[in-house]
file protein_26.pdb (PDB, C-alpha atoms and all ligand atoms)
ATOM      1  CA  MET A 163      61.857 -20.328  22.557  1.00  0.00           C
ATOM      2  CA  ILE A 164      59.656 -18.402  24.939  1.00  0.00           C
ATOM      3  CA  GLU A 165      58.566 -20.380  27.956  1.00  0.00           C
ATOM      4  CA  THR A 166      54.940 -20.350  28.968  1.00  0.00           C
ATOM      5  CA  ILE A 167      55.035 -19.596  32.648  1.00  0.00           C
ATOM      6  CA  PRO A 168      52.508 -21.692  34.540  1.00  0.00           C
ATOM      7  CA  LEU A 169      50.291 -20.197  37.205  1.00  0.00           C
ATOM      8  CA  PRO A 170      51.015 -21.572  40.682  1.00  0.00           C
ATOM      9  CA  SER A 171      48.685 -24.382  41.597  1.00  0.00           C
ATOM     10  CA  ALA A 172      48.268 -23.053  45.135  1.00  0.00           C
ATOM     11  CA  ASN A 173      45.280 -20.963  46.141  1.00  0.00           C
ATOM     12  CA  LEU A 174      45.887 -17.192  46.008  1.00  0.00           C
ATOM     13  CA  ARG A 175      45.330 -17.105  49.769  1.00  0.00           C
ATOM     14  CA  ASP A 176      48.344 -19.402  50.226  1.00  0.00           C
ATOM     15  CA  ILE A 177      50.870 -17.459  48.175  1.00  0.00           C
ATOM     16  CA  ALA A 178      52.640 -14.121  48.535  1.00  0.00           C
ATOM     17  CA  VAL A 179      53.546 -12.193  45.378  1.00  0.00           C
ATOM     18  CA  LEU A 180      56.693 -10.068  45.569  1.00  0.00           C
ATOM     19  CA  LEU A 181      57.568  -7.904  42.586  1.00  0.00           C
ATOM     20  CA  ASP A 182      60.587  -5.869  41.608  1.00  0.00           C
ATOM     21  CA  ILE A 183      59.507  -2.784  39.659  1.00  0.00           C
ATOM     22  CA  ASP A 184      61.929  -1.506  36.996  1.00  0.00           C
ATOM     23  CA  GLY A 185      62.588  -3.997  34.228  1.00  0.00           C
ATOM     24  CA  THR A 186      60.177  -6.460  35.859  1.00  0.00           C
ATOM     25  CA  ILE A 187      56.660  -5.018  35.832  1.00  0.00           C
ATOM     26  CA  LEU A 188      57.617  -1.728  34.133  1.00  0.00           C
ATOM     27  CA  ASP A 189      59.522  -1.352  30.879  1.00  0.00           C
ATOM     28  CA  ILE A 190      62.854   0.349  31.380  1.00  0.00           C
ATOM     29  CA  ALA A 191      62.788   3.964  30.149  1.00  0.00           C
ATOM     30  CA  PRO A 192      65.655   6.227  29.004  1.00  0.00           C
ATOM     31  CA  THR A 193      65.669   7.820  32.483  1.00  0.00           C
ATOM     32  CA  PRO A 194      64.224   6.510  35.792  1.00  0.00           C
ATOM     33  CA  GLY A 195      61.691   9.362  35.900  1.00  0.00           C
ATOM     34  CA  ALA A 196      60.340   8.534  32.459  1.00  0.00           C
ATOM     35  CA  VAL A 197      58.852   5.111  33.263  1.00  0.00           C
ATOM     36  CA  ILE A 198      55.181   4.590  32.506  1.00  0.00           C
ATOM     37  CA  VAL A 199      52.782   2.718  34.785  1.00  0.00           C
ATOM     38  CA  PRO A 200      49.975   1.392  32.576  1.00  0.00           C
ATOM     39  CA  GLN A 201      46.523   1.907  34.084  1.00  0.00           C
ATOM     40  CA  SER A 202      45.792  -1.775  33.413  1.00  0.00           C
ATOM     41  CA  LEU A 203      48.745  -2.713  35.651  1.00  0.00           C
ATOM     42  CA  ARG A 204      47.366  -0.585  38.498  1.00  0.00           C
ATOM     43  CA  GLN A 205      44.047  -2.422  38.122  1.00  0.00           C
ATOM     44  CA  THR A 206      45.755  -5.826  38.039  1.00  0.00           C
ATOM     45  CA  LEU A 207      47.797  -5.062  41.163  1.00  0.00           C
ATOM     46  CA  THR A 208      44.718  -3.762  42.978  1.00  0.00           C
ATOM     47  CA  ARG A 209      42.838  -6.954  42.148  1.00  0.00           C
ATOM     48  CA  LEU A 210      45.763  -9.212  42.997  1.00  0.00           C
ATOM     49  CA  SER A 211      46.259  -7.478  46.338  1.00  0.00           C
ATOM     50  CA  ARG A 212      42.596  -8.032  47.155  1.00  0.00           C
ATOM     51  CA  GLU A 213      42.528 -11.654  45.994  1.00  0.00           C
ATOM     52  CA  THR A 214      45.678 -12.563  47.940  1.00  0.00           C
ATOM     53  CA  GLY A 215      44.330 -10.901  51.072  1.00  0.00           C
ATOM     54  CA  GLY A 216      46.998  -8.206  50.938  1.00  0.00           C
ATOM     55  CA  ALA A 217      49.995 -10.492  50.327  1.00  0.00           C
ATOM     56  CA  LEU A 218      51.320  -8.493  47.387  1.00  0.00           C
ATOM     57  CA  ALA A 219      54.449  -6.373  47.883  1.00  0.00           C
ATOM     58  CA  LEU A 220      56.728  -4.286  45.692  1.00  0.00           C
ATOM     59  CA  VAL A 221      60.474  -4.823  46.211  1.00  0.00           C
ATOM     60  CA  SER A 222      62.590  -2.079  44.675  1.00  0.00           C
ATOM     61  CA  GLY A 223      65.764  -0.028  44.753  1.00  0.00           C
ATOM     62  CA  ARG A 224      63.542   3.045  44.585  1.00  0.00           C
ATOM     63  CA  SER A 225      62.559   4.749  47.834  1.00  0.00           C
ATOM     64  CA  LEU A 226      59.085   4.090  49.270  1.00  0.00           C
ATOM     65  CA  GLY A 227      58.141   7.704  48.537  1.00  0.00           C
ATOM     66  CA  ASP A 228      59.096   7.280  44.906  1.00  0.00           C
ATOM     67  CA  ILE A 229      57.208   3.964  44.654  1.00  0.00           C
ATOM     68  CA  ASP A 230      54.049   5.566  46.071  1.00  0.00           C
ATOM     69  CA  LEU A 231      54.275   8.472  43.619  1.00  0.00           C
ATOM     70  CA  LEU A 232      54.624   6.074  40.695  1.00  0.00           C
ATOM     71  CA  PHE A 233      51.667   3.869  41.603  1.00  0.00           C
ATOM     72  CA  ALA A 234      49.384   6.489  43.206  1.00  0.00           C
ATOM     73  CA  PRO A 235      46.654   6.197  44.291  1.00  0.00           C
ATOM     74  CA  LEU A 236      47.588   2.560  44.842  1.00  0.00           C
ATOM     75  CA  ARG A 237      49.628   1.978  48.003  1.00  0.00           C
ATOM     76  CA  LEU A 238      51.013  -1.478  48.710  1.00  0.00           C
ATOM     77  CA  PRO A 239      53.258  -3.142  51.255  1.00  0.00           C
ATOM     78  CA  ALA A 240      56.757  -2.476  49.951  1.00  0.00           C
ATOM     79  CA  ILE A 241      60.483  -2.830  50.383  1.00  0.00           C
ATOM     80  CA  GLY A 242      62.327   0.303  49.238  1.00  0.00           C
ATOM     81  CA  GLY A 243      65.952   1.331  48.848  1.00  0.00           C
ATOM     82  CA  HIS A 244      67.038  -2.301  48.241  1.00  0.00           C
ATOM     83  CA  GLY A 245      65.850  -3.223  51.719  1.00  0.00           C
ATOM     84  CA  ALA A 246      66.725  -0.046  53.619  1.00  0.00           C
ATOM     85  CA  GLU A 247      62.992   0.648  54.012  1.00  0.00           C
ATOM     86  CA  ILE A 248      60.216  -1.849  54.765  1.00  0.00           C
ATOM     87  CA  ARG A 249      56.482  -1.172  54.933  1.00  0.00           C
ATOM     88  CA  LEU A 250      54.507  -4.209  56.004  1.00  0.00           C
ATOM     89  CA  SER A 251      51.030  -2.918  55.219  1.00  0.00           C
ATOM     90  CA  PRO A 252      49.628  -0.058  53.136  1.00  0.00           C
ATOM     91  CA  ASP A 253      48.495   1.977  56.150  1.00  0.00           C
ATOM     92  CA  GLU A 254      51.619   1.560  58.149  1.00  0.00           C
ATOM     93  CA  ILE A 255      54.114   4.337  58.655  1.00  0.00           C
ATOM     94  CA  THR A 256      57.391   3.433  57.022  1.00  0.00           C
ATOM     95  CA  GLU A 257      59.542   1.168  59.084  1.00  0.00           C
ATOM     96  CA  SER A 258      63.109   2.046  58.191  1.00  0.00           C
ATOM     97  CA  GLU A 259      66.128   0.182  59.272  1.00  0.00           C
ATOM     98  CA  HIS A 260      68.934   2.398  60.404  1.00  0.00           C
ATOM     99  CA  ALA A 261      70.992   1.527  57.436  1.00  0.00           C
ATOM    100  CA  HIS A 262      74.502   2.664  56.918  1.00  0.00           C
ATOM    101  CA  VAL A 263      74.347   5.789  54.757  1.00  0.00           C
ATOM    102  CA  LEU A 264      76.945   6.407  52.080  1.00  0.00           C
ATOM    103  CA  ASP A 265      79.743   8.786  53.051  1.00  0.00           C
ATOM    104  CA  GLY A 266      79.119  12.378  51.854  1.00  0.00           C
ATOM    105  CA  LYS A 267      82.508  12.768  50.189  1.00  0.00           C
ATOM    106  CA  LEU A 268      82.028   9.457  48.425  1.00  0.00           C
ATOM    107  CA  ARG A 269      78.655  10.657  47.088  1.00  0.00           C
ATOM    108  CA  GLU A 270      80.292  13.842  45.794  1.00  0.00           C
ATOM    109  CA  ARG A 271      83.001  11.919  43.979  1.00  0.00           C
ATOM    110  CA  LEU A 272      80.388   9.681  42.385  1.00  0.00           C
ATOM    111  CA  ALA A 273      78.293  12.700  41.343  1.00  0.00           C
ATOM    112  CA  GLU A 274      81.353  14.120  39.586  1.00  0.00           C
ATOM    113  CA  ILE A 275      81.311  11.207  37.143  1.00  0.00           C
ATOM    114  CA  ALA A 276      78.438  12.951  35.326  1.00  0.00           C
ATOM    115  CA  VAL A 277      80.379  16.215  34.962  1.00  0.00           C
ATOM    116  CA  ASP A 278      81.472  16.767  31.357  1.00  0.00           C
ATOM    117  CA  ALA A 279      79.860  13.459  30.399  1.00  0.00           C
ATOM    118  CA  PRO A 280      76.683  14.262  28.443  1.00  0.00           C
ATOM    119  CA  GLY A 281      74.103  11.508  28.788  1.00  0.00           C
ATOM    120  CA  VAL A 282      75.528  10.188  32.058  1.00  0.00           C
ATOM    121  CA  LEU A 283      73.030  10.685  34.863  1.00  0.00           C
ATOM    122  CA  VAL A 284      73.645  10.323  38.585  1.00  0.00           C
ATOM    123  CA  GLU A 285      70.527   9.453  40.558  1.00  0.00           C
ATOM    124  CA  ASP A 286      70.588   9.949  44.317  1.00  0.00           C
ATOM    125  CA  LYS A 287      68.207   7.296  45.608  1.00  0.00           C
ATOM    126  CA  GLY A 288      68.746   8.268  49.225  1.00  0.00           C
ATOM    127  CA  TYR A 289      70.135   4.981  50.460  1.00  0.00           C
ATOM    128  CA  SER A 290      72.112   4.341  47.313  1.00  0.00           C
ATOM    129  CA  LEU A 291      73.449   6.125  44.255  1.00  0.00           C
ATOM    130  CA  ALA A 292      72.970   5.048  40.673  1.00  0.00           C
ATOM    131  CA  VAL A 293      75.063   6.149  37.708  1.00  0.00           C
ATOM    132  CA  HIS A 294      73.035   5.701  34.503  1.00  0.00           C
ATOM    133  CA  TYR A 295      74.553   5.632  31.024  1.00  0.00           C
ATOM    134  CA  ARG A 296      71.582   4.437  28.956  1.00  0.00           C
ATOM    135  CA  LEU A 297      71.691   7.707  26.989  1.00  0.00           C
ATOM    136  CA  ALA A 298      75.453   7.406  26.463  1.00  0.00           C
ATOM    137  CA  PRO A 299      76.328   3.714  25.999  1.00  0.00           C
ATOM    138  CA  GLU A 300      79.823   4.656  24.801  1.00  0.00           C
ATOM    139  CA  GLN A 301      80.513   5.844  28.372  1.00  0.00           C
ATOM    140  CA  GLU A 302      80.065   2.364  29.899  1.00  0.00           C
ATOM    141  CA  SER A 303      83.725   1.522  30.452  1.00  0.00           C
ATOM    142  CA  ARG A 304      84.552   5.058  31.587  1.00  0.00           C
ATOM    143  CA  VAL A 305      81.726   4.956  34.168  1.00  0.00           C
ATOM    144  CA  LYS A 306      82.697   1.498  35.434  1.00  0.00           C
ATOM    145  CA  GLU A 307      86.368   2.417  35.718  1.00  0.00           C
ATOM    146  CA  ALA A 308      85.543   5.652  37.562  1.00  0.00           C
ATOM    147  CA  VAL A 309      83.288   3.829  40.041  1.00  0.00           C
ATOM    148  CA  ALA A 310      85.928   1.147  40.629  1.00  0.00           C
ATOM    149  CA  ALA A 311      88.591   3.821  41.221  1.00  0.00           C
ATOM    150  CA  ILE A 312      86.380   5.667  43.718  1.00  0.00           C
ATOM    151  CA  LYS A 313      85.555   2.432  45.568  1.00  0.00           C
ATOM    152  CA  ALA A 314      89.298   1.723  45.816  1.00  0.00           C
ATOM    153  CA  ASP A 315      89.752   5.129  47.486  1.00  0.00           C
ATOM    154  CA  TRP A 316      87.379   4.078  50.303  1.00  0.00           C
ATOM    155  CA  PRO A 317      88.837   0.676  51.219  1.00  0.00           C
ATOM    156  CA  LYS A 318      87.220   0.670  54.667  1.00  0.00           C
ATOM    157  CA  GLU A 319      83.752   1.709  53.504  1.00  0.00           C
ATOM    158  CA  PRO A 320      81.457  -1.359  53.354  1.00  0.00           C
ATOM    159  CA  ILE A 321      79.998  -0.583  49.962  1.00  0.00           C
ATOM    160  CA  GLU A 322      78.807  -2.772  47.152  1.00  0.00           C
ATOM    161  CA  VAL A 323      78.956  -1.954  43.438  1.00  0.00           C
ATOM    162  CA  LEU A 324      76.152  -3.533  41.427  1.00  0.00           C
ATOM    163  CA  PRO A 325      76.218  -3.433  37.646  1.00  0.00           C
ATOM    164  CA  GLY A 326      72.708  -3.330  36.165  1.00  0.00           C
ATOM    165  CA  LYS A 327      71.147  -2.581  32.804  1.00  0.00           C
ATOM    166  CA  SER A 328      73.002   0.547  31.592  1.00  0.00           C
ATOM    167  CA  VAL A 329      73.512   1.517  35.215  1.00  0.00           C
ATOM    168  CA  VAL A 330      76.011   0.995  38.016  1.00  0.00           C
ATOM    169  CA  GLU A 331      74.574   1.196  41.479  1.00  0.00           C
ATOM    170  CA  ILE A 332      76.586   1.882  44.620  1.00  0.00           C
ATOM    171  CA  LYS A 333      74.997   0.973  47.920  1.00  0.00           C
ATOM    172  CA  PRO A 334      76.028   0.135  51.476  1.00  0.00           C
ATOM    173  CA  ALA A 335      76.725  -3.581  51.731  1.00  0.00           C
ATOM    174  CA  SER A 336      74.757  -3.743  55.007  1.00  0.00           C
ATOM    175  CA  PHE A 337      71.331  -4.318  53.439  1.00  0.00           C
ATOM    176  CA  HIS A 338      69.903  -6.113  50.445  1.00  0.00           C
ATOM    177  CA  LYS A 339      66.570  -7.285  49.073  1.00  0.00           C
ATOM    178  CA  GLY A 340      67.028 -10.839  50.365  1.00  0.00           C
ATOM    179  CA  ALA A 341      67.336  -9.790  54.001  1.00  0.00           C
ATOM    180  CA  ALA A 342      64.341  -7.462  53.687  1.00  0.00           C
ATOM    181  CA  ILE A 343      62.198 -10.215  52.108  1.00  0.00           C
ATOM    182  CA  ARG A 344      63.163 -12.511  54.981  1.00  0.00           C
ATOM    183  CA  GLU A 345      61.923  -9.826  57.382  1.00  0.00           C
ATOM    184  CA  LEU A 346      58.703  -9.212  55.431  1.00  0.00           C
ATOM    185  CA  MET A 347      57.933 -12.950  55.413  1.00  0.00           C
ATOM    186  CA  GLN A 348      57.836 -12.989  59.243  1.00  0.00           C
ATOM    187  CA  HIS A 349      54.729 -10.819  59.278  1.00  0.00           C
ATOM    188  CA  LYS A 350      51.056 -11.193  58.403  1.00  0.00           C
ATOM    189  CA  PRO A 351      49.676 -11.607  55.792  1.00  0.00           C
ATOM    190  CA  PHE A 352      52.950 -12.889  54.298  1.00  0.00           C
ATOM    191  CA  ALA A 353      53.981 -15.316  57.057  1.00  0.00           C
ATOM    192  CA  GLY A 354      53.363 -18.983  56.341  1.00  0.00           C
ATOM    193  CA  ARG A 355      52.712 -18.426  52.640  1.00  0.00           C
ATOM    194  CA  GLN A 356      54.662 -19.563  49.619  1.00  0.00           C
ATOM    195  CA  PRO A 357      56.391 -16.488  48.141  1.00  0.00           C
ATOM    196  CA  ILE A 358      56.868 -15.925  44.435  1.00  0.00           C
ATOM    197  CA  PHE A 359      59.478 -13.273  43.732  1.00  0.00           C
ATOM    198  CA  VAL A 360      59.853 -11.817  40.231  1.00  0.00           C
ATOM    199  CA  GLY A 361      62.929  -9.719  39.421  1.00  0.00           C
ATOM    200  CA  ASP A 362      65.254  -8.934  36.554  1.00  0.00           C
ATOM    201  CA  ASP A 363      68.560  -7.652  37.829  1.00  0.00           C
ATOM    202  CA  ILE A 364      71.678  -8.511  39.826  1.00  0.00           C
ATOM    203  CA  THR A 365      70.156  -6.809  42.885  1.00  0.00           C
ATOM    204  CA  ASP A 366      67.289  -9.311  42.773  1.00  0.00           C
ATOM    205  CA  GLU A 367      69.555 -12.322  43.137  1.00  0.00           C
ATOM    206  CA  SER A 368      69.692 -11.945  46.937  1.00  0.00           C
ATOM    207  CA  GLY A 369      65.883 -12.212  46.810  1.00  0.00           C
ATOM    208  CA  PHE A 370      65.949 -15.374  44.703  1.00  0.00           C
ATOM    209  CA  ALA A 371      68.484 -16.802  47.134  1.00  0.00           C
ATOM    210  CA  VAL A 372      66.114 -16.683  50.133  1.00  0.00           C
ATOM    211  CA  MET A 373      63.127 -18.263  48.314  1.00  0.00           C
ATOM    212  CA  PRO A 374      64.016 -21.861  49.336  1.00  0.00           C
ATOM    213  CA  GLU A 375      63.774 -20.830  53.028  1.00  0.00           C
ATOM    214  CA  PHE A 376      60.054 -20.268  52.458  1.00  0.00           C
ATOM    215  CA  LYS A 377      59.510 -23.006  49.844  1.00  0.00           C
ATOM    216  CA  GLY A 378      59.117 -20.122  47.433  1.00  0.00           C
ATOM    217  CA  MET A 379      59.935 -19.636  43.783  1.00  0.00           C
ATOM    218  CA  GLY A 380      61.949 -17.056  41.899  1.00  0.00           C
ATOM    219  CA  PHE A 381      61.110 -15.955  38.357  1.00  0.00           C
ATOM    220  CA  SER A 382      63.505 -13.791  36.377  1.00  0.00           C
ATOM    221  CA  VAL A 383      62.914 -11.468  33.431  1.00  0.00           C
ATOM    222  CA  GLY A 384      65.013 -11.216  30.292  1.00  0.00           C
ATOM    223  CA  ARG A 385      67.649 -13.739  31.371  1.00  0.00           C
ATOM    224  CA  ARG A 386      67.684 -16.893  33.451  1.00  0.00           C
ATOM    225  CA  ALA A 387      69.121 -15.859  36.824  1.00  0.00           C
ATOM    226  CA  PRO A 388      70.595 -18.330  39.337  1.00  0.00           C
ATOM    227  CA  GLY A 389      68.001 -19.818  41.670  1.00  0.00           C
ATOM    228  CA  THR A 390      64.979 -19.134  39.465  1.00  0.00           C
ATOM    229  CA  ALA A 391      62.351 -21.591  38.252  1.00  0.00           C
ATOM    230  CA  HIS A 392      61.277 -19.710  35.119  1.00  0.00           C
ATOM    231  CA  CYS A 393      62.204 -16.738  32.983  1.00  0.00           C
ATOM    232  CA  PHE A 394      59.842 -14.197  31.424  1.00  0.00           C
ATOM    233  CA  ALA A 395      60.984 -12.652  28.138  1.00  0.00           C
ATOM    234  CA  ALA A 396      59.918  -9.085  28.972  1.00  0.00           C
ATOM    235  CA  PRO A 397      57.962  -6.968  31.504  1.00  0.00           C
ATOM    236  CA  SER A 398      54.904  -7.102  29.218  1.00  0.00           C
ATOM    237  CA  ASP A 399      54.867 -10.893  29.723  1.00  0.00           C
ATOM    238  CA  VAL A 400      55.025 -10.421  33.500  1.00  0.00           C
ATOM    239  CA  ARG A 401      52.096  -7.994  33.320  1.00  0.00           C
ATOM    240  CA  ARG A 402      50.010 -10.493  31.308  1.00  0.00           C
ATOM    241  CA  TRP A 403      50.894 -13.300  33.716  1.00  0.00           C
ATOM    242  CA  LEU A 404      49.902 -11.167  36.721  1.00  0.00           C
ATOM    243  CA  GLU A 405      46.610 -10.378  35.023  1.00  0.00           C
ATOM    244  CA  ARG A 406      45.932 -14.093  34.559  1.00  0.00           C
ATOM    245  CA  LEU A 407      47.032 -14.794  38.125  1.00  0.00           C
ATOM    246  CA  SER A 408      44.685 -12.142  39.501  1.00  0.00           C
ATOM    247  CA  GLY A 409      41.799 -13.667  37.573  1.00  0.00           C
ATOM    248  CA  GLY A 410      41.567 -10.468  35.542  1.00  0.00           C
ATOM    249  CA  ASP A 411      41.151 -12.185  32.184  1.00  0.00           C
ATOM    250  CA  GLY A 412      38.526 -14.620  33.443  1.00  0.00           C
ATOM    251  CA  THR A 413      40.626 -17.809  33.083  1.00  0.00           C
ATOM    252  CA  ARG A 414      41.174 -18.379  36.774  1.00  0.00           C
ATOM    253  CA  PRO A 415      38.062 -19.175  38.783  1.00  0.00           C
ATOM    254  CA  LEU A 416      38.048 -17.432  42.137  1.00  0.00           C
TER     255      LEU A 416
HETATM  256 MG    MG B   1      64.683  -4.321  38.227  1.00  0.00          MG
END
call {"tool": "encode", "arguments": {"input": "protein_26.pdb", "output": "structure tokens"}}
result
Amino acid sequence: MIETIPLPSANLRDIAVLLDIDGTILDIAPTPGAVIVPQSLRQTLTRLSRETGGALALVSGRSLGDIDLLFAPLRLPAIGGHGAEIRLSPDEITESEHAHVLDGKLRERLAEIAVDAPGVLVEDKGYSLAVHYRLAPEQESRVKEAVAAIKADWPKEPIEVLPGKSVVEIKPASFHKGAAIRELMQHKPFAGRQPIFVGDDITDESGFAVMPEFKGMGFSVGRRAPGTAHCFAAPSDVRRWLERLSGGDGTRPL
């Protein structure tokens, strides 16, 4: 049974909307570069940003530069690189934490996983590395075993291995979305508001985990994640819900 996700009863000026991108507001594509941003979503986000007084932020594993390219000309407050980068307002120059960068040799070893493995794609996201096998699902166990073996070769490196949807992501353990959301929520226009964070993957769970600190709510996509109040079936449902929330379909008086 598909749940109907209620709109928050609070005024839009009292909430902050925080959105993961891939698998949450965008359908997952065969490769990260092949995702499509529907024009209607750009319009919804523009409207929602205006109606919330700017308290709409994107929270992604992608870099801020990549996020801006995807949504151009729209520019929003954003958390990039799983929390390695934070931009509090659209006009602000990127505020980057000096995050621990992955060791060069470690990156090389991870990149080698794609050698002689057609369909396996290594994406250097700057602060993290992702090994995708969506185009070669039969490679799943080989990829996971290779990543585990490489991690074991760097026992002192504080790295975290995050399995996602047809992807394994390797990132420094020193930052995560939850810590970055906590930071974002200290600043205007987010401070003092009730956050709603929507995400779909393991990397979003640190974000759901900090919601109670701000009396916020977490919504997951595709599966009920720990610490969430509701679950959307698919990104298209999130997009429709955001449209309703923004008042875009005329059902919410503003
Ligand atoms: Mg996602």
call {"tool": "closest_atom_pairs", "arguments": {"input": "protein_26.pdb", "of": "range 186-299 of chain A", "to": "range 367-381 of chain A", "cutoff": "12 Å", "atoms": "all atoms listed in the file", "output": "tab-separated table"}}
result
residue	atom	partner	partner_atom	distance
A:Thr186	CA	A:Phe381	CA	9.9
A:Val221	CA	A:Gly369	CA	9.2
A:Ser222	CA	A:Gly369	CA	10.9
A:Ile241	CA	A:Gly369	CA	11.4
A:His244	CA	A:Gly369	CA	10.1
A:Gly245	CA	A:Gly369	CA	10.2
call {"tool": "resolve_selection", "arguments": {"input": "protein_26.pdb", "expression": "the PyMOL selection byres (((chain A and resi 250) around 6) and not hetatm)", "output": "ChimeraX atom specification"}}
result
/A:239,249,251
call {"tool": "write_last_selection", "arguments": {"input": "protein_26.pdb", "atoms": "C-alpha atoms", "output": "PDB file, keeping the file's coordinate frame"}}
result
ATOM      1  CA  PRO A 239      53.258  -3.142  51.255  1.00  0.00           C
ATOM      2  CA  ARG A 249      56.482  -1.172  54.933  1.00  0.00           C
ATOM      3  CA  SER A 251      51.030  -2.918  55.219  1.00  0.00           C
TER       4      SER A 251
END
call {"tool": "residues_near_ligand", "arguments": {"input": "protein_26.pdb", "ligand": "ligand MG 1 (chain B)", "cutoff": "6 Å", "atoms": "all atoms listed in the file", "output": "list in words"}}
result
Asp182, Ile183, Asp184, Gly185, Thr186, Gly361, Asp362 and Asp363 of chain A
call {"tool": "write_last_selection", "arguments": {"input": "protein_26.pdb", "atoms": "C-alpha atoms", "output": "PDB file, in the coordinates of the input"}}
result
ATOM      1  CA  ASP A 182      60.587  -5.869  41.608  1.00  0.00           C
ATOM      2  CA  ILE A 183      59.507  -2.784  39.659  1.00  0.00           C
ATOM      3  CA  ASP A 184      61.929  -1.506  36.996  1.00  0.00           C
ATOM      4  CA  GLY A 185      62.588  -3.997  34.228  1.00  0.00           C
ATOM      5  CA  THR A 186      60.177  -6.460  35.859  1.00  0.00           C
ATOM      6  CA  GLY A 361      62.929  -9.719  39.421  1.00  0.00           C
ATOM      7  CA  ASP A 362      65.254  -8.934  36.554  1.00  0.00           C
ATOM      8  CA  ASP A 363      68.560  -7.652  37.829  1.00  0.00           C
TER       9      ASP A 363
END
call {"tool": "closest_residue", "arguments": {"input": "protein_26.pdb", "among": "A:Leu226, A:Ile332, A:Ala219, A:Leu231", "to": "Asp286 in chain A", "atoms": "only C-alpha atoms"}}
result
A:Ile332
call {"tool": "resolve_selection", "arguments": {"input": "protein_26.pdb", "expression": "the PyMOL selection byres (((chain A and resi 333) around 10) and not hetatm)", "output": "number ranges by chain"}}
result
A: 223, 243-244, 262-264, 287-292, 320-324, 330-332, 334-338
call {"tool": "axis_aligned_box", "arguments": {"input": "protein_26.pdb", "around": "range 225-239 of chain A", "padding_each_side": "3 Å", "output": "AutoDock Vina command-line options"}}
result
--center_x 54.6 --center_y 2.7 --center_z 46.0 --size_x 21.9 --size_y 17.6 --size_z 16.6
call {"tool": "resolve_selection", "arguments": {"input": "protein_26.pdb", "expression": "the PyMOL selection byres (((chain A and resi 398) around 10) and not hetatm)", "output": "list in words"}}
result
Gly185, Thr186, Ile187, Leu188, Asp189, Leu203, Phe394, Ala395, Ala396, Pro397, Asp399, Val400, Arg401, Arg402, Trp403 and Leu404 of chain A
call {"tool": "atom_distance", "arguments": {"input": "protein_26.pdb", "atom1": "CA of Phe233 in chain A", "atom2": "CA of Leu272 in chain A"}}
result
29.3 Å
call {"tool": "atom_distance", "arguments": {"input": "protein_26.pdb", "atom1": "CA of Phe352 in chain A", "atom2": "CA of Ala217 in chain A"}}
result
5.5 Å
call {"tool": "atom_distance", "arguments": {"input": "protein_26.pdb", "atom1": "CA of His294 in chain A", "atom2": "CA of Pro325 in chain A"}}
result
10.2 Å
call {"tool": "residues_around", "arguments": {"input": "protein_26.pdb", "residues": "range 194-196 of chain A", "least_positions_apart": "4", "cutoff": "10 Å", "atoms": "only C-alpha atoms", "output": "NGL selection string"}}
result
:A and (184 or 190 or 224 or 228 or 232 or 283 or 285 or 294)
call {"tool": "closest_residue", "arguments": {"input": "protein_26.pdb", "among": "A:Pro252, A:Pro170, A:Gly409, A:Pro200", "to": "Pro357 in chain A", "atoms": "only C-alpha atoms"}}
result
A:Pro170
